[in-house]
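Some notes on the structure that comes next.
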Amino acid sequence: MSDNVLVTGGFGLVGSATVRRLSELGRRVVVADLDTAANREKAEALPTGAQVRWTDLTDADAVRRLISDVTPEVIIHLAAIIAPPIYRNAKLARKINVDATATLVGVAEAAPTPPRFVHASSNAVFGPRNPHTTTPPLRADEPMRPGDVYSGQKAEAEAIVRGSSLPWVVLRLGGVLSVDPKAIPFSADALYFESLLPADGRLHSVDVRDVAWAFAAATTADVVGEILLIAGDDSHRILQCDAGPALAAARGLAGVLPAGRPGNPNDDSAWFVTDWMDTTRAQEALQFQHYSWPDMQAELAKNVGWTRHAMRLFSPLAPAIRAVLKRRGAYWKAPGQYADPWGAIRAKLGEPAWDQPRELS
Ligand SMILES: NC(=O)c1ccc[n+]([C@@H]2O[C@H](COP(=O)([O-])OP(=O)(O)OC[C@H]3O[C@@H](n4cnc5c(N)ncnc54)[C@H](O)[C@@H]3O)[C@@H](O)[C@H]2O)c1
């Protein structure tokens, strides 16, 4: 076995930050990700010492070659198709989120010295969270109750990892944000998604650099066999309606996002799959929380730089932009007063129902 740390999905949002953190710590990193033009560009900027192995993890032979060549001491498994893109192609997502996880775990189990397997899961596995009928924070020992295809596939993958003979660690992440204006681009789907989420749903955000810190620490900390809840300090316990407008304002776009609809207090299933989490054990073991929510907003504003001031010149246009976005939003002219997130996803993105529902503990 080498001292390589293999990072799957190492060019994604969490992966890029994790590779950077591991390199800062002097670890030997191998990234396994898809050979795409965008990832080739990111590979040019890999930190010194980090290497790339172009691999489609849905190809079992390629996975076997990867593990036998790299002989990793640790695998950090991040590769996935996440929300909202998953709703447009749940079938393809299953191949990477569930089937490829099973292949990777099986190949790793068969290695002469099986690696530690640090797995990226999500707070989504707890299912939809109605703030009127549930009391935060979520604890790691509460049952998984996936409610849609994303939370379902993430729960299935987690069950595969936890059922393996590998020395595993599961990190369930909250809502990952970045102060890099380019890291989370605005897209039509992203704006639509933002508009459909219940405005008063609870969201536990976290800076991607703190997530990266947690993944790097989990490769060596005494946490094998644990499920750790990874989210920011208490300042990150926010509502859905706090996040988008604050991030837009930090970019100089205050007041452009229309107010969303509140969730239905009388329907526990009509909420998104996020909530505040108890991070006490994760913080004790990994010491990863460094960036507060106010710090993030200030740093994003600084990073946006002069364009922020240029954007401010357009502030008299904010009501007009808000009106356009409202017309493009999920509930324009929709009857009722409450958000219907799954109906809105079905109407524009794709079927959100979990494709292979089953009992999972
Ligand atoms: N971003 C969040 O807010 C969040 C929240 C909770 C959990 N997570 C989990 O964290 C992990 C990383 O998320 P992210 O935000 O960095 O996602 P991302 O979409 O930015 O990155 C995913 C990466 O996986 C790669 N990938 C996809 N299919 C692949 C394949 N067939 N073979 C190899 N690589 C493939 C992509 O190229 C990409 O680089 C995921 O497992 C996700 O479920 C993320």
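Naming works like this for the structure tokens: A, B, ... for the chains as they're shown, residue 1 at the start of each chain, ligands 1 onward in shown order.
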
- Selection near region 48-51 of chain A, 12 Å with only C-alpha atoms, sequence-local residues under 3 positions removed, as a PyMOL selection string: chain A and resi 4-7+10-11+16+18-33+42-45+54+70

Grab the residues selected above and save them as an mmCIF file, in the first residue's frame with N, CA and C atoms.
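The file below, part_12.cif, is the result:
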```
data_model
loop_
_atom_site.group_PDB
_atom_site.id
_atom_site.type_symbol
_atom_site.label_atom_id
_atom_site.label_comp_id
_atom_site.auth_asym_id
_atom_site.auth_seq_id
_atom_site.Cartn_x
_atom_site.Cartn_y
_atom_site.Cartn_z
ATOM 1 N N ASN A 4 -0.849 7.175 -0.721
ATOM 2 C CA ASN A 4 -1.732 8.004 -1.555
ATOM 3 C C ASN A 4 -3.114 8.168 -0.939
ATOM 4 N N VAL A 5 -3.648 9.396 -1.073
ATOM 5 C CA VAL A 5 -5.058 9.633 -0.753
ATOM 6 C C VAL A 5 -5.773 9.805 -2.090
ATOM 7 N N LEU A 6 -6.704 8.890 -2.384
ATOM 8 C CA LEU A 6 -7.460 8.973 -3.633
ATOM 9 C C LEU A 6 -8.728 9.778 -3.391
ATOM 10 N N VAL A 7 -8.935 10.838 -4.191
ATOM 11 C CA VAL A 7 -10.127 11.681 -4.026
ATOM 12 C C VAL A 7 -10.988 11.531 -5.275
ATOM 13 N N GLY A 10 -12.711 14.763 -7.463
ATOM 14 C CA GLY A 10 -11.782 15.755 -6.911
ATOM 15 C C GLY A 10 -11.771 17.099 -7.612
ATOM 16 N N PHE A 11 -12.505 17.223 -8.734
ATOM 17 C CA PHE A 11 -12.601 18.532 -9.382
ATOM 18 C C PHE A 11 -13.931 19.226 -9.104
ATOM 19 N N SER A 16 -12.322 20.037 -5.054
ATOM 20 C CA SER A 16 -11.231 20.983 -5.313
ATOM 21 C C SER A 16 -10.663 21.508 -3.996
ATOM 22 N N THR A 18 -10.881 20.067 -1.072
ATOM 23 C CA THR A 18 -10.299 18.962 -0.296
ATOM 24 C C THR A 18 -8.893 18.632 -0.804
ATOM 25 N N VAL A 19 -8.741 18.631 -2.123
ATOM 26 C CA VAL A 19 -7.419 18.368 -2.705
ATOM 27 C C VAL A 19 -6.431 19.453 -2.251
ATOM 28 N N ARG A 20 -6.900 20.706 -2.250
ATOM 29 C CA ARG A 20 -6.044 21.822 -1.813
ATOM 30 C C ARG A 20 -5.624 21.621 -0.360
ATOM 31 N N ARG A 21 -6.562 21.278 0.488
ATOM 32 C CA ARG A 21 -6.269 21.108 1.922
ATOM 33 C C ARG A 21 -5.285 19.943 2.133
ATOM 34 N N LEU A 22 -5.520 18.832 1.446
ATOM 35 C CA LEU A 22 -4.624 17.675 1.604
ATOM 36 C C LEU A 22 -3.215 18.034 1.143
ATOM 37 N N SER A 23 -3.126 18.795 0.047
ATOM 38 C CA SER A 23 -1.810 19.185 -0.465
ATOM 39 C C SER A 23 -1.106 20.102 0.521
ATOM 40 N N GLU A 24 -1.866 21.033 1.127
ATOM 41 C CA GLU A 24 -1.269 21.907 2.153
ATOM 42 C C GLU A 24 -0.684 21.087 3.292
ATOM 43 N N LEU A 25 -1.318 19.956 3.580
ATOM 44 C CA LEU A 25 -0.841 19.101 4.676
ATOM 45 C C LEU A 25 0.311 18.200 4.230
ATOM 46 N N GLY A 26 0.710 18.322 2.953
ATOM 47 C CA GLY A 26 1.824 17.532 2.444
ATOM 48 C C GLY A 26 1.450 16.100 2.076
ATOM 49 N N ARG A 27 0.144 15.843 1.905
ATOM 50 C CA ARG A 27 -0.295 14.486 1.561
ATOM 51 C C ARG A 27 -0.153 14.272 0.050
ATOM 52 N N ARG A 28 0.069 13.007 -0.337
ATOM 53 C CA ARG A 28 0.140 12.659 -1.766
ATOM 54 C C ARG A 28 -1.281 12.379 -2.250
ATOM 55 N N VAL A 29 -1.738 13.186 -3.198
ATOM 56 C CA VAL A 29 -3.143 13.114 -3.612
ATOM 57 C C VAL A 29 -3.259 12.627 -5.049
ATOM 58 N N VAL A 30 -4.193 11.716 -5.287
ATOM 59 C CA VAL A 30 -4.547 11.328 -6.653
ATOM 60 C C VAL A 30 -6.036 11.623 -6.831
ATOM 61 N N VAL A 31 -6.338 12.436 -7.841
ATOM 62 C CA VAL A 31 -7.730 12.771 -8.149
ATOM 63 C C VAL A 31 -8.257 11.789 -9.190
ATOM 64 N N ALA A 32 -9.437 11.222 -8.943
ATOM 65 C CA ALA A 32 -10.125 10.418 -9.962
ATOM 66 C C ALA A 32 -11.387 11.164 -10.348
ATOM 67 N N ASP A 33 -11.452 11.601 -11.594
ATOM 68 C CA ASP A 33 -12.640 12.347 -12.035
ATOM 69 C C ASP A 33 -12.815 12.134 -13.540
ATOM 70 N N LYS A 42 -9.255 22.448 -14.964
ATOM 71 C CA LYS A 42 -8.995 22.449 -13.517
ATOM 72 C C LYS A 42 -7.721 21.668 -13.199
ATOM 73 N N ALA A 43 -7.435 20.640 -13.993
ATOM 74 C CA ALA A 43 -6.239 19.823 -13.739
ATOM 75 C C ALA A 43 -4.968 20.649 -13.904
ATOM 76 N N GLU A 44 -5.035 21.660 -14.793
ATOM 77 C CA GLU A 44 -3.869 22.538 -14.999
ATOM 78 C C GLU A 44 -3.485 23.250 -13.698
ATOM 79 N N ALA A 45 -4.497 23.481 -12.857
ATOM 80 C CA ALA A 45 -4.259 24.266 -11.628
ATOM 81 C C ALA A 45 -4.117 23.372 -10.388
ATOM 82 N N TRP A 54 -7.689 10.061 -14.981
ATOM 83 C CA TRP A 54 -9.006 10.230 -15.594
ATOM 84 C C TRP A 54 -9.759 8.912 -15.497
ATOM 85 N N VAL A 70 -3.030 2.742 -7.960
ATOM 86 C CA VAL A 70 -2.830 3.816 -6.959
ATOM 87 C C VAL A 70 -2.590 3.241 -5.561
#
```

Would you write out, as a tab-separated table, a table of all residues in chain A that have an atom no more than 7 Å from an atom of ligand 1, listing for each the closest atom pair and the distance in Å to one decimal, considering only C-alpha atoms and all ligand atoms and ordering rows by chain and rising residue number?
```
residue	atom	partner	partner_atom_place_in_ligand_line	distance
A:Thr8	CA	ligand 1	34 (N)	6.1
A:Gly9	CA	ligand 1	24 (O)	3.6
A:Gly10	CA	ligand 1	39 (O)	5.7
A:Phe11	CA	ligand 1	39 (O)	4.1
A:Gly12	CA	ligand 1	21 (O)	3.3
A:Leu13	CA	ligand 1	16 (O)	3.7
A:Val14	CA	ligand 1	16 (O)	3.7
A:Gly15	CA	ligand 1	16 (O)	5.4
A:Ala32	CA	ligand 1	33 (C)	6.1
A:Asp33	CA	ligand 1	34 (N)	3.9
A:Leu34	CA	ligand 1	33 (C)	4.6
A:Thr55	CA	ligand 1	33 (C)	5.7
A:Asp56	CA	ligand 1	32 (N)	3.7
A:Leu57	CA	ligand 1	32 (N)	3.9
A:Thr58	CA	ligand 1	31 (N)	5.1
A:Leu78	CA	ligand 1	11 (C)	4.2
A:Ala79	CA	ligand 1	24 (O)	3.4
A:Ala80	CA	ligand 1	24 (O)	4.7
A:Ile81	CA	ligand 1	27 (C)	5.6
A:Ile82	CA	ligand 1	43 (O)	5.3
A:Ile96	CA	ligand 1	31 (N)	5.2
A:Ala120	CA	ligand 1	41 (O)	4.7
A:Ser121	CA	ligand 1	7 (C)	5.2
A:Ser122	CA	ligand 1	7 (C)	4.0
A:Asn123	CA	ligand 1	6 (C)	6.3
A:Lys154	CA	ligand 1	43 (O)	6.7
A:Arg172	CA	ligand 1	7 (C)	6.4
A:Leu173	CA	ligand 1	6 (C)	4.2
A:Gly174	CA	ligand 1	5 (C)	5.2
A:Gly175	CA	ligand 1	3 (O)	4.0
A:Val176	CA	ligand 1	3 (O)	3.8
A:Leu177	CA	ligand 1	3 (O)	6.8
```

- Exercise: Leu203 (chain A) partners within 7 Å, only C-alpha atoms, chain neighbours under 3 positions left out, as number ranges by chain: A: 175, 237-240, 274-276

Can you write out as JSON lines which residues of region 116-190 of chain A fall within 6 Å of region 277-293 of chain A, alongside each residue's closest atom pair and its distance in Å to one decimal, counting only C-alpha atoms and ordering rows by chain and ascending residue number?
```
{"residue": "A:Pro137", "atom": "CA", "partner": "A:Met277", "partner_atom": "CA", "distance": 4.5}
{"residue": "A:Leu138", "atom": "CA", "partner": "A:Met277", "partner_atom": "CA", "distance": 4.5}
{"residue": "A:Arg139", "atom": "CA", "partner": "A:Asp278", "partner_atom": "CA", "distance": 5.6}
```

Save the residues we just selected, C-alpha atoms, as a PDB file, in the first residue's frame?
```pdb
ATOM      1  CA  PRO A 137     -30.891  19.900  15.797  1.00  0.00           C
ATOM      2  CA  LEU A 138     -30.664  16.536  14.038  1.00  0.00           C
ATOM      3  CA  ARG A 139     -28.352  13.992  15.635  1.00  0.00           C
TER       4      ARG A 139
END
```

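Taking CA of Asp340 (chain A) as the reference point, CA of Ser361 (chain A) is found at 27.5 Å.
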
Pick out each residue of region 117-245 of chain A that DSSP on the backbone tags as alpha helix (DSSP H); I need them as a compact mmCIF listing (two decimals) with all heavy atoms, in the first residue's frame.
```
# COMPACT_ATOMS: atom_id res chain seq x y z
N VAL A 149 -35.40 11.35 -4.74
CA VAL A 149 -34.39 10.53 -5.42
C VAL A 149 -32.97 10.87 -4.92
O VAL A 149 -32.12 9.99 -4.79
CB VAL A 149 -34.51 10.64 -6.95
CG1 VAL A 149 -34.17 12.04 -7.45
CG2 VAL A 149 -33.65 9.62 -7.65
N TYR A 150 -32.70 12.14 -4.61
CA TYR A 150 -31.35 12.49 -4.14
C TYR A 150 -31.10 11.89 -2.76
O TYR A 150 -30.13 11.17 -2.56
CB TYR A 150 -31.16 14.02 -4.12
CG TYR A 150 -29.80 14.42 -3.60
CD1 TYR A 150 -28.63 14.02 -4.26
CD2 TYR A 150 -29.66 15.15 -2.42
CE1 TYR A 150 -27.38 14.36 -3.76
CE2 TYR A 150 -28.41 15.50 -1.93
CZ TYR A 150 -27.28 15.10 -2.60
OH TYR A 150 -26.02 15.42 -2.12
N SER A 151 -32.02 12.17 -1.83
CA SER A 151 -31.80 11.64 -0.47
C SER A 151 -31.85 10.12 -0.48
O SER A 151 -31.13 9.46 0.28
CB SER A 151 -32.84 12.22 0.49
OG SER A 151 -34.15 12.06 0.02
N GLY A 152 -32.67 9.54 -1.37
CA GLY A 152 -32.77 8.08 -1.45
C GLY A 152 -31.47 7.46 -1.94
O GLY A 152 -30.94 6.52 -1.33
N GLN A 153 -30.93 8.00 -3.03
CA GLN A 153 -29.67 7.43 -3.56
C GLN A 153 -28.52 7.66 -2.58
O GLN A 153 -27.65 6.80 -2.42
CB GLN A 153 -29.35 8.03 -4.93
CG GLN A 153 -30.33 7.57 -6.02
CD GLN A 153 -29.95 8.06 -7.41
OE1 GLN A 153 -28.94 8.73 -7.61
NE2 GLN A 153 -30.78 7.73 -8.39
N LYS A 154 -28.50 8.82 -1.91
CA LYS A 154 -27.43 9.08 -0.93
C LYS A 154 -27.55 8.09 0.23
O LYS A 154 -26.54 7.59 0.75
CB LYS A 154 -27.47 10.52 -0.41
CG LYS A 154 -27.10 11.59 -1.40
CD LYS A 154 -25.76 11.41 -2.06
CE LYS A 154 -24.55 11.66 -1.21
NZ LYS A 154 -23.28 11.53 -2.00
N ALA A 155 -28.79 7.79 0.65
CA ALA A 155 -28.99 6.85 1.75
C ALA A 155 -28.58 5.43 1.34
O ALA A 155 -27.95 4.70 2.11
CB ALA A 155 -30.45 6.87 2.20
N GLU A 156 -28.91 5.05 0.09
CA GLU A 156 -28.51 3.72 -0.39
C GLU A 156 -26.98 3.59 -0.40
O GLU A 156 -26.42 2.58 0.01
CB GLU A 156 -29.04 3.51 -1.81
CG GLU A 156 -30.52 3.21 -1.88
CD GLU A 156 -30.94 2.96 -3.33
OE1 GLU A 156 -30.61 1.91 -3.88
OE2 GLU A 156 -31.60 3.85 -3.91
N ALA A 157 -26.31 4.64 -0.90
CA ALA A 157 -24.84 4.61 -0.98
C ALA A 157 -24.25 4.51 0.43
O ALA A 157 -23.32 3.72 0.67
CB ALA A 157 -24.32 5.87 -1.67
N GLU A 158 -24.82 5.27 1.34
CA GLU A 158 -24.31 5.24 2.72
C GLU A 158 -24.47 3.84 3.32
O GLU A 158 -23.58 3.34 4.02
CB GLU A 158 -25.08 6.26 3.55
CG GLU A 158 -24.28 6.70 4.74
CD GLU A 158 -25.06 7.59 5.69
OE1 GLU A 158 -25.26 8.78 5.38
OE2 GLU A 158 -25.44 7.09 6.76
N ALA A 159 -25.60 3.21 3.04
CA ALA A 159 -25.84 1.86 3.58
C ALA A 159 -24.81 0.87 3.02
O ALA A 159 -24.34 -0.02 3.73
CB ALA A 159 -27.26 1.41 3.25
N ILE A 160 -24.43 1.03 1.76
CA ILE A 160 -23.41 0.16 1.15
C ILE A 160 -22.09 0.33 1.89
O ILE A 160 -21.42 -0.63 2.26
CB ILE A 160 -23.24 0.48 -0.36
CG1 ILE A 160 -24.48 0.07 -1.14
CG2 ILE A 160 -21.97 -0.17 -0.93
CD1 ILE A 160 -24.57 0.67 -2.53
N VAL A 161 -21.71 1.58 2.12
CA VAL A 161 -20.43 1.87 2.79
C VAL A 161 -20.45 1.34 4.22
O VAL A 161 -19.52 0.65 4.67
CB VAL A 161 -20.15 3.39 2.78
CG1 VAL A 161 -18.92 3.74 3.60
CG2 VAL A 161 -19.99 3.89 1.34
N ARG A 162 -21.54 1.60 4.94
CA ARG A 162 -21.60 1.19 6.35
C ARG A 162 -21.71 -0.33 6.49
O ARG A 162 -21.32 -0.89 7.51
CB ARG A 162 -22.77 1.88 7.04
CG ARG A 162 -22.51 3.37 7.24
CD ARG A 162 -23.39 3.95 8.33
NE ARG A 162 -24.65 4.45 7.82
CZ ARG A 162 -25.85 4.09 8.29
NH1 ARG A 162 -25.97 3.22 9.26
NH2 ARG A 162 -26.94 4.62 7.77
N ALA A 188 -29.94 29.01 -14.85
CA ALA A 188 -31.41 29.10 -14.88
C ALA A 188 -31.99 28.06 -13.92
O ALA A 188 -32.91 28.35 -13.15
CB ALA A 188 -31.91 28.87 -16.30
N ASP A 189 -31.44 26.82 -13.94
CA ASP A 189 -31.94 25.77 -13.04
C ASP A 189 -31.73 26.16 -11.58
O ASP A 189 -32.58 25.93 -10.73
CB ASP A 189 -31.22 24.43 -13.29
CG ASP A 189 -31.89 23.63 -14.41
OD1 ASP A 189 -32.85 24.15 -15.02
OD2 ASP A 189 -31.44 22.50 -14.68
N ALA A 190 -30.55 26.75 -11.29
CA ALA A 190 -30.24 27.11 -9.90
C ALA A 190 -31.21 28.19 -9.40
O ALA A 190 -31.69 28.13 -8.27
CB ALA A 190 -28.80 27.58 -9.78
N LEU A 191 -31.51 29.16 -10.26
CA LEU A 191 -32.45 30.23 -9.87
C LEU A 191 -33.86 29.67 -9.66
O LEU A 191 -34.55 30.02 -8.71
CB LEU A 191 -32.48 31.33 -10.94
CG LEU A 191 -31.36 32.36 -10.86
CD1 LEU A 191 -31.39 33.26 -12.08
CD2 LEU A 191 -31.45 33.19 -9.58
N TYR A 192 -34.26 28.76 -10.57
CA TYR A 192 -35.59 28.14 -10.43
C TYR A 192 -35.64 27.33 -9.12
O TYR A 192 -36.61 27.40 -8.37
CB TYR A 192 -35.84 27.22 -11.64
CG TYR A 192 -37.18 26.53 -11.59
CD1 TYR A 192 -38.36 27.20 -11.92
CD2 TYR A 192 -37.29 25.19 -11.18
CE1 TYR A 192 -39.60 26.57 -11.87
CE2 TYR A 192 -38.52 24.55 -11.13
CZ TYR A 192 -39.66 25.24 -11.48
OH TYR A 192 -40.89 24.61 -11.41
N PHE A 193 -34.56 26.59 -8.86
CA PHE A 193 -34.50 25.75 -7.66
C PHE A 193 -34.62 26.62 -6.40
O PHE A 193 -35.35 26.29 -5.47
CB PHE A 193 -33.18 24.96 -7.67
CG PHE A 193 -33.22 23.75 -6.78
CD1 PHE A 193 -34.04 22.69 -7.08
CD2 PHE A 193 -32.44 23.69 -5.64
CE1 PHE A 193 -34.09 21.57 -6.26
CE2 PHE A 193 -32.47 22.58 -4.81
CZ PHE A 193 -33.30 21.52 -5.12
N GLU A 194 -33.88 27.71 -6.41
CA GLU A 194 -33.91 28.65 -5.28
C GLU A 194 -35.36 29.13 -5.05
O GLU A 194 -35.81 29.23 -3.91
CB GLU A 194 -32.98 29.84 -5.62
CG GLU A 194 -33.18 31.11 -4.84
CD GLU A 194 -32.49 31.09 -3.49
OE1 GLU A 194 -31.51 30.34 -3.34
OE2 GLU A 194 -32.96 31.81 -2.59
N SER A 195 -36.08 29.36 -6.14
CA SER A 195 -37.43 29.92 -6.02
C SER A 195 -38.44 28.90 -5.50
O SER A 195 -39.49 29.28 -4.98
CB SER A 195 -37.90 30.47 -7.37
OG SER A 195 -38.36 29.42 -8.21
N LEU A 196 -38.15 27.60 -5.65
CA LEU A 196 -39.17 26.61 -5.28
C LEU A 196 -39.04 26.13 -3.83
O LEU A 196 -39.93 25.48 -3.29
CB LEU A 196 -39.12 25.41 -6.25
CG LEU A 196 -37.89 24.49 -6.28
CD1 LEU A 196 -37.92 23.43 -5.21
CD2 LEU A 196 -37.80 23.82 -7.66
N VAL A 208 -17.07 25.73 2.27
CA VAL A 208 -16.45 24.55 1.64
C VAL A 208 -15.04 24.30 2.18
O VAL A 208 -14.58 23.16 2.24
CB VAL A 208 -16.46 24.68 0.09
CG1 VAL A 208 -15.49 25.76 -0.40
CG2 VAL A 208 -16.13 23.35 -0.57
N ARG A 209 -14.36 25.37 2.63
CA ARG A 209 -13.01 25.16 3.18
C ARG A 209 -13.07 24.39 4.49
O ARG A 209 -12.18 23.59 4.80
CB ARG A 209 -12.30 26.52 3.37
CG ARG A 209 -12.01 27.22 2.06
CD ARG A 209 -11.60 28.66 2.27
NE ARG A 209 -12.70 29.46 2.82
CZ ARG A 209 -12.64 30.76 3.04
NH1 ARG A 209 -11.52 31.42 2.80
NH2 ARG A 209 -13.67 31.43 3.52
N ASP A 210 -14.15 24.60 5.27
CA ASP A 210 -14.31 23.83 6.51
C ASP A 210 -14.67 22.38 6.20
O ASP A 210 -14.26 21.46 6.91
CB ASP A 210 -15.39 24.49 7.38
CG ASP A 210 -14.88 25.77 8.06
OD1 ASP A 210 -13.65 26.02 8.00
OD2 ASP A 210 -15.69 26.51 8.62
N VAL A 211 -15.44 22.17 5.13
CA VAL A 211 -15.77 20.80 4.72
C VAL A 211 -14.48 20.07 4.31
O VAL A 211 -14.25 18.92 4.69
CB VAL A 211 -16.79 20.81 3.55
CG1 VAL A 211 -17.06 19.40 3.05
CG2 VAL A 211 -18.08 21.48 3.98
N ALA A 212 -13.65 20.77 3.55
CA ALA A 212 -12.38 20.18 3.10
C ALA A 212 -11.50 19.84 4.30
O ALA A 212 -10.86 18.78 4.34
CB ALA A 212 -11.66 21.18 2.18
N TRP A 213 -11.48 20.74 5.26
CA TRP A 213 -10.71 20.50 6.49
C TRP A 213 -11.20 19.21 7.16
O TRP A 213 -10.41 18.36 7.60
CB TRP A 213 -10.88 21.71 7.43
CG TRP A 213 -10.04 21.66 8.65
CD1 TRP A 213 -10.14 20.78 9.69
CD2 TRP A 213 -8.94 22.53 8.98
NE1 TRP A 213 -9.20 21.04 10.64
CE2 TRP A 213 -8.45 22.11 10.23
CE3 TRP A 213 -8.34 23.62 8.34
CZ2 TRP A 213 -7.38 22.76 10.86
CZ3 TRP A 213 -7.29 24.26 8.97
CH2 TRP A 213 -6.80 23.83 10.22
N ALA A 214 -12.53 19.07 7.22
CA ALA A 214 -13.13 17.89 7.87
C ALA A 214 -12.75 16.61 7.13
O ALA A 214 -12.38 15.60 7.75
CB ALA A 214 -14.65 18.04 7.92
N PHE A 215 -12.82 16.63 5.79
CA PHE A 215 -12.46 15.42 5.04
C PHE A 215 -11.00 15.06 5.26
O PHE A 215 -10.66 13.89 5.46
CB PHE A 215 -12.76 15.60 3.54
CG PHE A 215 -14.17 15.22 3.19
CD1 PHE A 215 -15.12 16.18 2.94
CD2 PHE A 215 -14.56 13.88 3.14
CE1 PHE A 215 -16.44 15.85 2.66
CE2 PHE A 215 -15.87 13.53 2.85
CZ PHE A 215 -16.81 14.52 2.61
N ALA A 216 -10.12 16.07 5.21
CA ALA A 216 -8.69 15.78 5.40
C ALA A 216 -8.46 15.22 6.81
O ALA A 216 -7.74 14.22 6.98
CB ALA A 216 -7.87 17.05 5.17
N ALA A 217 -9.10 15.82 7.81
CA ALA A 217 -8.90 15.35 9.20
C ALA A 217 -9.45 13.94 9.37
O ALA A 217 -8.88 13.13 10.12
CB ALA A 217 -9.58 16.32 10.16
N ALA A 218 -10.54 13.62 8.66
CA ALA A 218 -11.17 12.30 8.81
C ALA A 218 -10.32 11.18 8.22
O ALA A 218 -10.62 10.00 8.44
CB ALA A 218 -12.55 12.32 8.16
N GLN A 240 -33.91 29.11 4.71
CA GLN A 240 -33.71 29.13 3.26
C GLN A 240 -33.79 30.56 2.73
O GLN A 240 -33.00 30.96 1.88
CB GLN A 240 -34.78 28.26 2.60
CG GLN A 240 -34.44 27.83 1.22
CD GLN A 240 -33.19 26.97 1.17
OE1 GLN A 240 -33.10 25.95 1.83
NE2 GLN A 240 -32.21 27.38 0.37
N CYS A 241 -34.72 31.37 3.27
CA CYS A 241 -34.90 32.74 2.75
C CYS A 241 -33.75 33.67 3.14
O CYS A 241 -33.68 34.79 2.64
CB CYS A 241 -36.24 33.32 3.20
SG CYS A 241 -36.38 33.40 4.98
N ASP A 242 -32.87 33.21 4.05
CA ASP A 242 -31.73 34.05 4.42
C ASP A 242 -30.58 33.90 3.42
O ASP A 242 -29.81 34.83 3.19
CB ASP A 242 -31.15 33.64 5.79
CG ASP A 242 -32.15 33.83 6.92
OD1 ASP A 242 -32.96 34.77 6.82
OD2 ASP A 242 -32.10 33.04 7.88
N ALA A 243 -30.44 32.68 2.86
CA ALA A 243 -29.21 32.34 2.14
C ALA A 243 -29.08 33.09 0.81
O ALA A 243 -28.14 33.87 0.62
CB ALA A 243 -29.15 30.83 1.90
N GLY A 244 -30.04 32.86 -0.09
CA GLY A 244 -29.94 33.44 -1.44
C GLY A 244 -29.80 34.96 -1.42
O GLY A 244 -28.86 35.52 -2.01
N PRO A 245 -30.74 35.68 -0.71
CA PRO A 245 -30.64 37.14 -0.70
C PRO A 245 -29.31 37.64 -0.13
O PRO A 245 -28.74 38.62 -0.62
CB PRO A 245 -31.82 37.56 0.18
CG PRO A 245 -32.81 36.45 0.03
CD PRO A 245 -31.98 35.19 -0.11
```

- What are the DSSP strand (DSSP E or B) residues of region 44-82 of chain A, as JSON, numbers by chain? {"A": [51, 52, 53, 54, 74, 75, 76, 77]}

- Message: Using Å and a single decimal, report how far CA of Asp355 (chain A) sits from CA of Ile76 (chain A).
- Response: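 These atoms are spaced 25.8 Å apart.
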
- Contact residues around Lys326 (chain A) with only C-alpha atoms at 8 Å, ignoring same-chain residues under 6 positions, as a PyMOL selection string: chain A and resi 257-258+332

- Message: When you count only C-alpha atoms, which of these residues is closest to Ser187 (chain A): A:Pro85, A:Asn264, A:Val256, A:Phe126?
- Response: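 The closest residue to Ser187 (chain A) is A:Pro85.
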
- Give the answer as one residue: which of A:Leu360, A:Ala330, A:Val105, A:Val206 has the shortest atom-to-atom distance to Gly343 (chain A), using only C-alpha atoms?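 Ranked by minimum distance to Gly343 (chain A), first place goes to A:Ala330.
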
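Distance check against Pro131 (chain A) using only C-alpha atoms: of A:Arg40, A:Arg202, A:His309, A:Arg53, the minimum falls on A:Arg202.
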
- Could you state the separation of CA of Ala110 (chain A) and CA of Ala140 (chain A) in Å, given to one decimal place? 28.9 Å

- For Val304 (chain A), work out the shell of residues within 9 Å, counting only C-alpha atoms and skipping chain neighbours fewer than 5 positions away, then give it as a PyMOL selection string. chain A and resi 179-181+250-252+299

Those selected residues, please, written with N, CA and C atoms and delivered as a PDB file, in the first residue's frame.
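This is the output file result.pdb:
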```
ATOM      1  N   VAL A 179     -16.931  31.179  -0.820  1.00  0.00           N
ATOM      2  CA  VAL A 179     -16.719  32.625  -0.974  1.00  0.00           C
ATOM      3  C   VAL A 179     -16.055  32.945  -2.312  1.00  0.00           C
ATOM      4  N   ASP A 180     -15.846  31.901  -3.113  1.00  0.00           N
ATOM      5  CA  ASP A 180     -15.304  32.107  -4.454  1.00  0.00           C
ATOM      6  C   ASP A 180     -16.492  32.364  -5.390  1.00  0.00           C
ATOM      7  N   PRO A 181     -16.612  33.595  -5.945  1.00  0.00           N
ATOM      8  CA  PRO A 181     -17.797  33.899  -6.754  1.00  0.00           C
ATOM      9  C   PRO A 181     -17.983  32.951  -7.938  1.00  0.00           C
ATOM     10  N   ALA A 250     -24.154  40.194  -1.190  1.00  0.00           N
ATOM     11  CA  ALA A 250     -22.693  40.237  -1.108  1.00  0.00           C
ATOM     12  C   ALA A 250     -22.084  40.436  -2.497  1.00  0.00           C
ATOM     13  N   ARG A 251     -22.817  40.034  -3.531  1.00  0.00           N
ATOM     14  CA  ARG A 251     -22.347  40.237  -4.907  1.00  0.00           C
ATOM     15  C   ARG A 251     -22.760  41.600  -5.454  1.00  0.00           C
ATOM     16  N   GLY A 252     -23.412  42.420  -4.622  1.00  0.00           N
ATOM     17  CA  GLY A 252     -23.859  43.742  -5.064  1.00  0.00           C
ATOM     18  C   GLY A 252     -25.234  43.698  -5.694  1.00  0.00           C
ATOM     19  N   GLU A 299     -16.374  38.084   3.198  1.00  0.00           N
ATOM     20  CA  GLU A 299     -15.271  37.652   2.324  1.00  0.00           C
ATOM     21  C   GLU A 299     -15.734  37.527   0.872  1.00  0.00           C
TER      22      GLU A 299
END
```
